[in-house]
>>> print(open('run-v1.cif').read())   # mmCIF, C-alpha atoms and all ligand atoms
data_final
#
loop_
_atom_site.label_atom_id
_atom_site.label_comp_id
_atom_site.auth_asym_id
_atom_site.auth_seq_id
_atom_site.Cartn_x
_atom_site.Cartn_y
_atom_site.Cartn_z
CA MET A 4 -17.52 -7.32 96.15
CA LYS A 5 -15.45 -4.16 96.37
CA LEU A 6 -18.01 -1.48 97.15
CA THR A 7 -15.57 1.30 96.23
CA ASP A 8 -15.58 0.06 92.61
CA PRO A 9 -18.65 1.35 90.70
CA THR A 10 -18.23 -1.25 87.93
CA GLN A 11 -18.78 -3.94 90.56
CA THR A 12 -21.70 -2.26 92.32
CA LEU A 13 -23.36 -1.50 88.96
CA ALA A 14 -22.84 -5.02 87.56
CA ALA A 15 -24.55 -6.46 90.64
CA LEU A 16 -27.57 -4.16 90.13
CA ILE A 17 -27.84 -4.68 86.35
CA ARG A 18 -27.94 -8.47 86.90
CA CYS A 19 -31.24 -8.05 88.78
CA PRO A 20 -34.04 -8.03 86.15
CA SER A 21 -36.12 -5.33 87.84
CA VAL A 22 -38.52 -4.27 85.09
CA THR A 23 -41.33 -2.25 86.72
CA PRO A 24 -43.10 -3.47 88.90
CA GLU A 25 -40.71 -6.43 89.55
CA GLU A 26 -38.21 -5.97 92.36
CA GLY A 27 -35.97 -8.53 90.63
CA GLY A 28 -33.55 -8.67 93.56
CA ALA A 29 -32.36 -5.10 92.95
CA LEU A 30 -33.50 -3.62 96.28
CA SER A 31 -32.17 -6.64 98.19
CA THR A 32 -28.79 -6.31 96.48
CA LEU A 33 -28.68 -2.58 97.17
CA GLY A 34 -29.81 -3.09 100.77
CA GLU A 35 -26.99 -5.61 101.32
CA MET A 36 -24.39 -3.18 99.99
CA LEU A 37 -25.70 -0.38 102.18
CA GLY A 38 -25.88 -2.72 105.17
CA GLN A 39 -22.14 -3.38 104.77
CA LEU A 40 -21.57 0.38 104.96
CA GLY A 41 -23.50 0.62 108.23
CA PHE A 42 -26.90 1.73 106.89
CA SER A 43 -30.13 0.44 108.40
CA ASN A 44 -32.69 -0.64 105.83
CA ASP A 45 -36.44 -0.25 105.79
CA ARG A 46 -38.19 -2.20 103.02
CA VAL A 47 -41.78 -1.21 102.41
CA THR A 48 -44.40 -2.29 99.87
CA PHE A 49 -47.12 0.09 98.71
CA SER A 50 -50.43 -0.91 97.12
CA GLU A 51 -53.24 0.83 95.38
CA GLU A 52 -56.27 -0.56 93.61
CA GLY A 53 -55.74 -0.90 89.90
CA THR A 54 -51.92 -0.90 90.10
CA ALA A 55 -49.36 -3.57 90.96
CA ASP A 56 -47.83 -3.68 94.46
CA VAL A 57 -44.36 -2.14 94.41
CA GLU A 58 -41.42 -2.54 96.79
CA ASN A 59 -39.37 0.41 97.98
CA LEU A 60 -36.29 0.95 100.16
CA TYR A 61 -35.46 3.66 102.67
CA SER A 62 -31.99 3.34 104.08
CA ARG A 63 -30.23 5.63 106.55
CA LEU A 64 -26.75 6.03 108.02
CA GLY A 65 -26.40 8.22 111.13
CA SER A 66 -28.97 9.65 113.50
CA SER A 67 -28.16 13.37 113.74
CA GLY A 68 -28.35 16.28 111.34
CA PRO A 69 -27.51 17.61 108.86
CA HIS A 70 -29.29 15.08 106.71
CA LEU A 71 -28.55 14.51 103.02
CA MET A 72 -30.86 12.39 100.89
CA PHE A 73 -30.00 10.58 97.66
CA ALA A 74 -33.07 9.56 95.69
CA GLY A 75 -33.56 7.26 92.75
CA HIS A 76 -35.15 4.15 91.34
CA THR A 77 -33.98 0.60 90.73
CA ASP A 78 -36.79 -0.30 88.34
CA VAL A 79 -36.07 -0.23 84.62
CA VAL A 80 -38.09 -0.02 81.41
CA PRO A 81 -38.62 -3.26 79.43
CA VAL A 82 -35.73 -4.43 77.23
CA GLY A 83 -37.72 -3.93 74.02
CA ASP A 84 -36.44 -5.91 71.01
CA LYS A 85 -34.29 -8.47 72.85
CA GLU A 86 -32.76 -9.81 69.62
CA ALA A 87 -31.46 -6.37 68.74
CA TRP A 88 -29.25 -6.15 71.85
CA THR A 89 -25.60 -6.95 71.10
CA GLN A 90 -25.11 -8.01 74.77
CA GLY A 91 -27.58 -9.55 77.20
CA PRO A 92 -29.69 -6.75 78.71
CA PHE A 93 -29.15 -8.11 82.26
CA SER A 94 -25.62 -9.49 81.85
CA ALA A 95 -23.55 -6.35 82.62
CA GLU A 96 -21.04 -7.29 79.90
CA ILE A 97 -18.11 -4.91 79.39
CA VAL A 98 -17.15 -4.34 75.75
CA GLY A 99 -14.88 -1.58 74.48
CA GLY A 100 -14.75 0.24 77.81
CA GLU A 101 -18.55 0.31 78.20
CA MET A 102 -20.85 -1.70 80.44
CA TYR A 103 -24.06 -2.85 78.75
CA GLY A 104 -27.38 -3.42 80.40
CA ARG A 105 -30.89 -2.10 80.98
CA GLY A 106 -30.61 0.58 83.66
CA ALA A 107 -26.89 1.22 83.05
CA VAL A 108 -27.56 4.96 82.85
CA ASP A 109 -31.23 5.18 83.91
CA MET A 110 -30.51 4.86 86.71
CA LYS A 111 -28.81 1.92 88.36
CA GLY A 112 -25.58 3.59 87.26
CA GLY A 113 -26.33 6.68 89.35
CA ILE A 114 -27.16 4.54 92.39
CA ALA A 115 -24.03 2.39 91.97
CA CYS A 116 -21.82 5.50 91.76
CA PHE A 117 -23.43 6.99 94.87
CA VAL A 118 -22.88 3.74 96.83
CA SER A 119 -19.24 3.59 95.70
CA ALA A 120 -18.76 7.29 96.51
CA LEU A 121 -20.08 6.62 100.04
CA ALA A 122 -17.82 3.59 100.40
CA ARG A 123 -14.79 5.68 99.39
CA TYR A 124 -15.80 8.55 101.66
CA ILE A 125 -16.27 6.23 104.66
CA GLU A 126 -13.00 4.42 103.91
CA ARG A 127 -11.08 7.70 103.79
CA ARG A 128 -12.67 9.64 106.62
CA GLY A 129 -15.28 7.56 108.40
CA ALA A 130 -19.03 8.15 108.40
CA PRO A 131 -20.14 11.75 107.73
CA GLU A 132 -20.93 13.98 110.73
CA GLY A 133 -24.67 13.88 110.21
CA SER A 134 -26.86 11.50 108.24
CA VAL A 135 -27.12 10.19 104.70
CA SER A 136 -30.17 8.35 103.47
CA LEU A 137 -31.14 6.65 100.24
CA LEU A 138 -34.77 6.85 99.18
CA ILE A 139 -35.12 4.28 96.42
CA THR A 140 -38.29 3.27 94.64
CA GLY A 141 -39.21 0.44 92.31
CA ASP A 142 -41.96 2.49 90.69
CA GLU A 143 -40.53 5.36 88.69
CA GLU A 144 -40.74 4.02 85.14
CA GLY A 145 -44.27 2.68 85.69
CA PRO A 146 -47.36 4.54 86.90
CA SER A 147 -45.30 6.16 89.73
CA VAL A 148 -48.18 5.65 92.14
CA ASN A 149 -46.57 3.27 94.66
CA GLY A 150 -43.19 4.93 94.72
CA THR A 151 -41.39 8.11 95.76
CA GLU A 152 -44.51 10.12 96.65
CA LYS A 153 -45.69 7.49 99.15
CA LEU A 154 -42.19 6.67 100.40
CA LEU A 155 -41.58 10.33 101.29
CA ALA A 156 -44.83 10.53 103.21
CA TYR A 157 -44.09 7.20 104.93
CA ALA A 158 -40.60 8.30 106.03
CA LYS A 159 -41.84 11.70 107.17
CA ALA A 160 -44.54 10.07 109.28
CA LYS A 161 -41.73 8.11 110.99
CA GLY A 162 -40.04 11.40 111.87
CA GLU A 163 -37.57 11.67 108.98
CA GLN A 164 -36.52 15.18 107.90
CA TRP A 165 -34.04 16.15 105.23
CA ASP A 166 -31.94 19.24 104.58
CA ALA A 167 -31.22 18.57 100.92
CA ALA A 168 -31.61 15.93 98.25
CA VAL A 169 -29.86 14.79 95.08
CA VAL A 170 -31.64 12.73 92.45
CA GLY A 171 -29.27 10.55 90.42
CA GLU A 172 -31.17 10.54 87.10
CA PRO A 173 -29.04 10.94 83.96
CA THR A 174 -28.84 14.70 83.41
CA ASN A 175 -25.91 15.13 81.03
CA PRO A 176 -26.87 15.35 77.33
CA GLU A 177 -23.41 14.62 75.85
CA GLN A 178 -20.62 14.45 78.40
CA MET A 179 -20.11 14.26 82.13
CA GLY A 180 -20.26 17.74 83.59
CA ASP A 181 -22.67 19.21 80.99
CA MET A 182 -25.72 19.80 83.12
CA ILE A 183 -27.24 19.92 86.59
CA LYS A 184 -31.02 20.18 86.84
CA ILE A 185 -32.21 22.68 89.41
CA GLY A 186 -35.89 22.61 88.60
CA ARG A 187 -38.37 21.24 86.18
CA ARG A 188 -41.17 22.51 84.01
CA GLY A 189 -44.69 21.55 84.94
CA SER A 190 -46.95 19.37 82.82
CA LEU A 191 -50.65 19.75 82.07
CA SER A 192 -52.77 17.69 79.66
CA GLY A 193 -56.20 18.41 78.30
CA THR A 194 -58.91 17.22 75.93
CA LEU A 195 -60.90 19.46 73.62
CA MET A 196 -64.19 18.21 72.16
CA VAL A 197 -66.09 19.98 69.38
CA GLU A 198 -69.69 19.14 68.50
CA GLY A 199 -71.22 19.50 65.04
CA ILE A 200 -74.10 18.09 63.02
CA GLN A 201 -73.47 14.99 60.93
CA GLY A 202 -74.49 15.10 57.28
CA HIS A 203 -73.68 14.64 53.58
CA VAL A 204 -70.66 16.57 52.29
CA ALA A 205 -72.72 17.58 49.23
CA TYR A 206 -75.33 19.21 51.47
CA PRO A 207 -73.18 21.18 53.94
CA HIS A 208 -75.94 23.69 54.69
CA LEU A 209 -77.80 20.87 56.44
CA ALA A 210 -74.76 19.83 58.48
CA ASP A 211 -72.18 21.53 60.69
CA ASN A 212 -68.61 20.28 60.39
CA PRO A 213 -66.95 20.15 63.83
CA LEU A 214 -63.50 20.02 62.21
CA ARG A 215 -63.84 23.63 61.08
CA GLY A 216 -64.46 24.61 64.67
CA LEU A 217 -61.61 22.46 65.88
CA ILE A 218 -59.15 24.07 63.48
CA LYS A 219 -60.12 27.48 64.85
CA LEU A 220 -59.83 26.43 68.44
CA ALA A 221 -56.59 24.48 67.98
CA GLY A 222 -55.10 27.52 66.30
CA ALA A 223 -56.03 29.63 69.32
CA LEU A 224 -54.29 27.16 71.64
CA LEU A 225 -51.09 27.35 69.61
CA ASP A 226 -50.92 31.03 68.77
CA PRO A 227 -49.70 33.39 70.17
CA PRO A 228 -46.92 31.63 72.15
CA LEU A 229 -47.70 31.28 75.87
CA ASP A 230 -44.61 33.18 76.97
CA ALA A 231 -40.99 33.82 76.03
CA GLY A 232 -39.46 31.97 78.97
CA ASN A 233 -37.29 33.63 81.60
CA GLU A 234 -33.79 33.56 83.03
CA ARG A 235 -34.14 30.03 84.40
CA PHE A 236 -36.79 28.46 82.18
CA PRO A 237 -37.33 27.92 78.44
CA PRO A 238 -40.63 29.14 76.93
CA SER A 239 -43.74 27.15 77.86
CA ASN A 240 -44.81 24.90 75.01
CA LEU A 241 -48.14 23.42 73.96
CA GLU A 242 -48.25 20.40 71.66
CA ILE A 243 -51.40 18.95 70.15
CA THR A 244 -50.79 15.23 70.49
CA SER A 245 -53.75 13.82 68.57
CA ILE A 246 -56.91 14.73 66.71
CA ASP A 247 -59.45 11.94 66.61
CA THR A 248 -62.60 11.96 64.52
CA GLY A 249 -62.87 8.28 63.60
CA ASN A 250 -64.56 9.05 60.32
CA ALA A 251 -63.60 6.67 57.50
CA ALA A 252 -66.02 8.05 54.88
CA THR A 253 -65.09 10.92 52.53
CA ASN A 254 -68.72 11.80 51.84
CA VAL A 255 -69.78 12.23 55.47
CA ILE A 256 -69.41 15.31 57.63
CA PRO A 257 -68.71 13.90 61.13
CA ALA A 258 -70.77 14.67 64.22
CA ARG A 259 -67.90 15.42 66.59
CA THR A 260 -64.14 15.48 66.95
CA THR A 261 -61.65 15.43 69.79
CA ALA A 262 -58.13 16.80 70.23
CA ARG A 263 -55.64 15.98 72.98
CA PHE A 264 -52.86 18.33 74.01
CA ASN A 265 -50.09 18.70 76.58
CA ILE A 266 -48.29 21.77 77.85
CA ARG A 267 -44.84 21.82 79.47
CA PHE A 268 -44.87 25.08 81.35
CA ASN A 269 -42.41 27.26 83.25
CA ASP A 270 -42.80 29.07 86.57
CA ILE A 271 -44.63 32.00 84.96
CA TRP A 272 -47.72 29.75 85.22
CA THR A 273 -49.47 27.42 87.59
CA ALA A 274 -51.65 24.62 86.21
CA GLU A 275 -54.68 26.74 87.25
CA SER A 276 -53.59 30.02 85.66
CA LEU A 277 -52.63 28.18 82.50
CA ALA A 278 -55.99 26.40 82.29
CA ASP A 279 -57.70 29.79 82.75
CA GLU A 280 -55.66 31.33 79.92
CA LEU A 281 -56.47 28.46 77.57
CA ARG A 282 -60.17 28.54 78.47
CA SER A 283 -60.38 32.23 77.63
CA ARG A 284 -58.51 31.71 74.36
CA LEU A 285 -61.00 28.99 73.39
CA GLU A 286 -63.96 31.14 74.38
CA ARG A 287 -62.75 34.01 72.20
CA ALA A 288 -61.97 31.77 69.20
CA ALA A 289 -65.31 29.94 69.47
CA GLY A 290 -67.10 33.23 68.79
CA GLU A 291 -65.08 34.02 65.66
CA THR A 292 -67.07 32.39 62.89
CA GLY A 293 -64.65 33.00 59.99
CA LEU A 294 -64.28 29.35 59.05
CA ARG A 295 -67.99 28.68 59.62
CA PRO A 296 -70.00 30.99 57.40
CA GLY A 297 -73.59 31.29 58.55
CA ARG A 298 -72.95 29.41 61.79
CA GLY A 299 -73.06 30.50 65.44
CA PRO A 300 -70.29 30.08 67.99
CA VAL A 301 -68.41 26.75 67.99
CA ARG A 302 -69.96 24.28 70.43
CA TYR A 303 -67.12 22.76 72.42
CA SER A 304 -66.01 21.53 75.82
CA VAL A 305 -62.55 21.35 77.30
CA GLU A 306 -61.30 19.22 80.17
CA PHE A 307 -57.96 19.34 81.92
CA ASP A 308 -56.48 16.19 83.49
CA ALA A 309 -56.57 16.25 87.29
CA ARG A 310 -53.03 14.81 87.52
CA SER A 311 -50.90 17.76 86.48
CA SER A 312 -47.45 18.46 87.88
CA PRO A 313 -46.29 21.94 88.88
CA SER A 314 -43.06 23.59 87.80
CA PHE A 315 -40.44 24.25 90.45
CA LEU A 316 -37.10 25.92 90.92
CA THR A 317 -34.59 25.12 93.68
CA ARG A 318 -33.21 28.23 95.35
CA ASP A 319 -30.79 26.60 97.81
CA ASN A 320 -27.56 28.16 96.58
CA ALA A 321 -25.37 26.24 99.04
CA LEU A 322 -26.69 22.96 97.64
CA ILE A 323 -26.32 24.06 94.02
CA GLU A 324 -22.80 25.39 94.64
CA ALA A 325 -21.67 22.26 96.49
CA LEU A 326 -22.75 20.16 93.50
CA SER A 327 -21.60 22.43 90.68
CA GLY A 328 -18.30 22.97 92.53
CA ALA A 329 -17.77 19.21 92.76
CA VAL A 330 -18.59 18.83 89.05
CA ALA A 331 -16.19 21.63 88.10
CA GLU A 332 -13.39 20.23 90.24
CA ALA A 333 -13.78 16.70 88.82
CA THR A 334 -14.41 17.51 85.16
CA GLY A 335 -12.94 21.00 84.65
CA LYS A 336 -16.31 22.08 83.24
CA THR A 337 -18.90 24.52 84.55
CA PRO A 338 -22.22 22.67 84.37
CA ALA A 339 -25.28 24.42 82.97
CA LEU A 340 -28.00 24.90 85.60
CA SER A 341 -31.01 23.71 83.68
CA THR A 342 -34.76 23.22 84.01
CA THR A 343 -35.25 21.40 80.69
CA GLY A 344 -36.46 17.86 80.09
CA GLY A 345 -39.34 15.75 81.34
CA THR A 346 -40.68 15.50 84.86
CA SER A 347 -38.92 13.36 87.46
CA ASP A 348 -39.48 12.27 91.06
CA ALA A 349 -37.82 15.54 92.10
CA ARG A 350 -41.32 16.99 91.68
CA PHE A 351 -42.37 15.10 94.84
CA ILE A 352 -39.14 15.67 96.81
CA LYS A 353 -39.27 19.45 96.37
CA ASP A 354 -42.16 19.54 98.86
CA TYR A 355 -39.85 18.17 101.60
CA CYS A 356 -36.44 19.77 100.98
CA PRO A 357 -34.41 21.53 98.29
CA VAL A 358 -33.53 19.11 95.49
CA VAL A 359 -31.09 19.03 92.57
CA GLU A 360 -30.43 16.35 89.98
CA PHE A 361 -27.18 15.06 88.59
CA GLY A 362 -26.24 11.71 87.11
CA LEU A 363 -24.74 10.04 84.06
CA VAL A 364 -24.94 10.83 80.33
CA GLY A 365 -28.48 10.08 79.19
CA LYS A 366 -27.86 9.31 75.50
CA THR A 367 -28.74 5.58 75.57
CA MET A 368 -31.48 5.58 78.21
CA HIS A 369 -34.51 3.43 77.35
CA MET A 370 -32.73 2.32 74.11
CA VAL A 371 -31.60 -1.08 72.90
CA ASP A 372 -27.94 -1.52 74.02
CA GLU A 373 -28.24 0.93 76.92
CA ARG A 374 -24.66 1.30 78.15
CA VAL A 375 -22.31 3.44 80.16
CA ALA A 376 -18.64 4.30 79.68
CA LEU A 377 -16.57 2.97 82.58
CA SER A 378 -14.78 6.33 82.62
CA ASP A 379 -18.16 8.03 83.24
CA LEU A 380 -18.82 5.71 86.19
CA GLU A 381 -15.46 6.68 87.65
CA SER A 382 -16.14 10.36 86.98
CA LEU A 383 -19.59 10.33 88.63
CA THR A 384 -18.29 8.40 91.66
CA GLY A 385 -15.58 11.05 92.10
CA ILE A 386 -18.13 13.87 91.72
CA TYR A 387 -20.53 12.35 94.27
CA GLU A 388 -17.70 11.80 96.77
CA LEU A 389 -16.56 15.43 96.39
CA PHE A 390 -20.15 16.60 96.65
CA ILE A 391 -20.77 14.70 99.91
CA GLU A 392 -17.56 16.19 101.29
CA ARG A 393 -18.40 19.75 100.22
CA TRP A 394 -22.00 19.60 101.33
CA PHE A 395 -21.21 18.39 104.87
CA GLU A 396 -18.32 20.88 105.15
CA ARG A 397 -20.61 23.74 104.14
CA ARG A 398 -23.29 22.68 106.61
CA ALA A 399 -20.70 22.40 109.40
CA SER A 400 -19.27 25.86 108.71
CA GLU A 401 -22.77 27.36 108.52
CA THR A 402 -23.60 25.89 111.92
CA GLU A 403 -20.33 27.28 113.35
CA ALA A 404 -21.07 30.72 111.92
CA ARG A 405 -24.45 30.81 113.68
ZN ZN A 501 -34.93 7.21 85.46
#
>>> encode(input="run-v1.cif", output="structure tokens", more="lines below")
Ligand SMILES: [Zn+2]
Amino acid sequence: MKLTDPTQTLAALIRCPSVTPEEGGALSTLGEMLGQLGFSNDRVTFSEEGTADVENLYSRLGSSGPHLMFAGHTDVVPVGDKEAWTQGPFSAEIVGGEMYGRGAVDMKGGIACFVSALARYIERRGAPEGSVSLLITGDEEGPSVNGTEKLLAYAKAKGEQWDAAVVGEPTNPEQMGDMIKIGRRGSLSGTLMVEGIQGHVAYPHLADNPLRGLIKLAGALLDPPLDAGNERFPPSNLEITSIDTGNAATNVIPARTTARFNIRFNDIWTAESLADELRSRLERAAGETGLRPGRGPVRYSVEFDARSSPSFLTRDNALIEALSGAVAEATGKTPALSTTGGTSDARFIKDYCPVVEFGLVGKTMHMVDERVALSDLESLTGIYELFIERWFERRASETEAR
């Protein structure tokens, strides 16, 4: 296999059916490629009750600083409707200048391009003066319990330290060079329960409809908007994701009802300050009895999920400039520095070193016929190679200046 050719490195990875939590040969294949480039591999399996065991890979080249980390995942989401695929989801078929396969863009493609970029870099100028490591999990698309979070802690306990990290998730909405992610919004979920008194709809004075209370309280969650966003972040947004009463009868006032909601929030808030704001909104609205003539305050309870994720913003300008400079040089475009989208494993990495994200075009991720343009693979490989070059050069000149 020619490691400098991303179509070859990607095809080898796509052919490993690594649907979470199956390793599928993907980490072994990647480890072999990295071994050929001089990396030493550390395979480690993490377990936790109630979840499947998952394999992970930490691979490092070099023993001195500065130390650059590339992070990602080899696991993929299920193929979905297999019959609907025009090419085999694990066959890596090339049709019309595109390679098909589950994981082509999310994110075996990003890993393949990084490996090929390293191979080109090493071929042209030898190993970087410092270290490069790959922190690769098989548990990103699943529960994300036995993956990046544990692998970071494991590597740190062995003495690993990093100066910067790049996550190779697909970040470009339309074309290569559109967007670098330099932070992410946080996520917080909650459940609101409203209690009433069950009864006959024809005798409402004997009952108390919890849905009236819920409408009041839900309105208070949604309005006014949480904030207007800021320079780096879009406005925080709350969505009510379900209202469940489970009442099939049209002549019965139900006893209780439940609503679930999720907020994607910017760095104006923490999960705690946001929960406080929502609690006080609910408390105020519960006392307003407009929709409940003759009734006291709404009886309700609210619970916030313990597993929230914080928002973060990377402030390492040297890292951001090395990456955006490489993107601009390779594509002629100035990438947007964005904090939009869902959460990613960068939320764990940010506790260890500054982290940015850049990968392929995300349009077909998780879809039937996931595929990547071969020209995009070439483009990303070129960008990663330039980035590695620029990042190590910057670090070297900073050390000299000191
Ligand atoms: Zn992904």
>>> residues_near_ligand(input="run-v1.cif", ligand="ligand ZN 501 (chain A)", cutoff="10 Å", atoms="all atoms listed in the file", output="count of residues only")
26
>>> residues_around(input="run-v1.cif", residues="Met36 of chain A", least_positions_apart="4", cutoff="10 Å", atoms="all atoms listed in the file", output="MDAnalysis selection string")
chainID A and resid 4:6 12 15 30:32 40:42 115 118:119 122
>>> atom_distance(input="run-v1.cif", atom1="atom CA of Phe49 of chain A", atom2="atom CA of Ile185 of chain A")
28.6 Å
>>> residues_around(input="run-v1.cif", residues="Leu220 of chain A", least_positions_apart="3", cutoff="12 Å", atoms="all atoms listed in the file", output="compact mmCIF listing (two decimals) with C-alpha atoms, in the frame of the given file")
# COMPACT_ATOMS: atom_id res chain seq x y z
CA THR A 194 -58.91 17.22 75.93
CA LEU A 195 -60.90 19.46 73.62
CA MET A 196 -64.19 18.21 72.16
CA VAL A 197 -66.09 19.98 69.38
CA PRO A 213 -66.95 20.15 63.83
CA LEU A 214 -63.50 20.02 62.21
CA ARG A 215 -63.84 23.63 61.08
CA GLY A 216 -64.46 24.61 64.67
CA LEU A 217 -61.61 22.46 65.88
CA ALA A 223 -56.03 29.63 69.32
CA LEU A 224 -54.29 27.16 71.64
CA LEU A 225 -51.09 27.35 69.61
CA ASP A 226 -50.92 31.03 68.77
CA ILE A 243 -51.40 18.95 70.15
CA THR A 260 -64.14 15.48 66.95
CA THR A 261 -61.65 15.43 69.79
CA ALA A 262 -58.13 16.80 70.23
CA LEU A 281 -56.47 28.46 77.57
CA ARG A 282 -60.17 28.54 78.47
CA SER A 283 -60.38 32.23 77.63
CA ARG A 284 -58.51 31.71 74.36
CA LEU A 285 -61.00 28.99 73.39
CA GLU A 286 -63.96 31.14 74.38
CA ARG A 287 -62.75 34.01 72.20
CA ALA A 288 -61.97 31.77 69.20
CA ALA A 289 -65.31 29.94 69.47
CA GLY A 290 -67.10 33.23 68.79
CA GLU A 291 -65.08 34.02 65.66
CA THR A 292 -67.07 32.39 62.89
CA GLY A 293 -64.65 33.00 59.99
CA LEU A 294 -64.28 29.35 59.05
CA PRO A 300 -70.29 30.08 67.99
CA VAL A 301 -68.41 26.75 67.99
CA ARG A 302 -69.96 24.28 70.43
CA TYR A 303 -67.12 22.76 72.42
CA SER A 304 -66.01 21.53 75.82
CA VAL A 305 -62.55 21.35 77.30
>>> closest_residue(input="run-v1.cif", among="A:Ile386, A:Ala349, A:Val169, A:Leu13", to="Glu101 of chain A", atoms="all atoms listed in the file")
A:Leu13
>>> closest_residue(input="run-v1.cif", among="A:Met72, A:Val204, A:Leu37, A:Ala130", to="Asn254 of chain A", atoms="all atoms listed in the file")
A:Val204
>>> closest_residue(input="run-v1.cif", among="A:Ala329, A:Thr10, A:Phe351, A:Ala399", to="Ile97 of chain A", atoms="only C-alpha atoms")
A:Thr10
>>> atom_distance(input="run-v1.cif", atom1="atom CA of Ser192 of chain A", atom2="atom CA of Phe264 of chain A")
5.7 Å
>>> atom_distance(input="run-v1.cif", atom1="atom CA of Gly91 of chain A", atom2="atom CA of Asp372 of chain A")
8.6 Å
>>> residues_around(input="run-v1.cif", residues="Glu25 of chain A", least_positions_apart="5", cutoff="8 Å", atoms="only C-alpha atoms", output="list in words")
Pro20, Val57, Asp78 and Gly141 of chain A
>>> residues_around(input="run-v1.cif", residues="Arg63 of chain A", least_positions_apart="5", cutoff="7 Å", atoms="only C-alpha atoms", output="list in words")
Phe42, Ser43, Asn44, Ser134, Val135, Ser136 and Leu137 of chain A
>>> closest_residue(input="run-v1.cif", among="A:Ala309, A:Met179, A:Arg318, A:Thr384", to="Thr337 of chain A", atoms="all atoms listed in the file")
A:Met179
>>> axis_aligned_box(input="run-v1.cif", around="segment 335-344 of chain A", padding_each_side="3 Å", output="JSON")
{"center_x": -24.7, "center_y": 21.4, "center_z": 82.8, "size_x": 29.5, "size_y": 13.0, "size_z": 11.5}
>>> closest_residue(input="run-v1.cif", among="A:Gly38, A:Gly222, A:Gly189, A:Pro92", to="Trp272 of chain A", atoms="only C-alpha atoms")
A:Gly189
>>> residues_near_point(input="run-v1.cif", point="(-22.0, 12.9, 105.9)", cutoff="12 Å", atoms="only C-alpha atoms", output="ChimeraX atom specification")
/A:63-73,120-122,124-125,128-136,166-167,387-399
>>> closest_residue(input="run-v1.cif", among="A:Gly299, A:Pro81, A:Pro257, A:Gly104", to="His203 of chain A", atoms="only C-alpha atoms")
A:Pro257
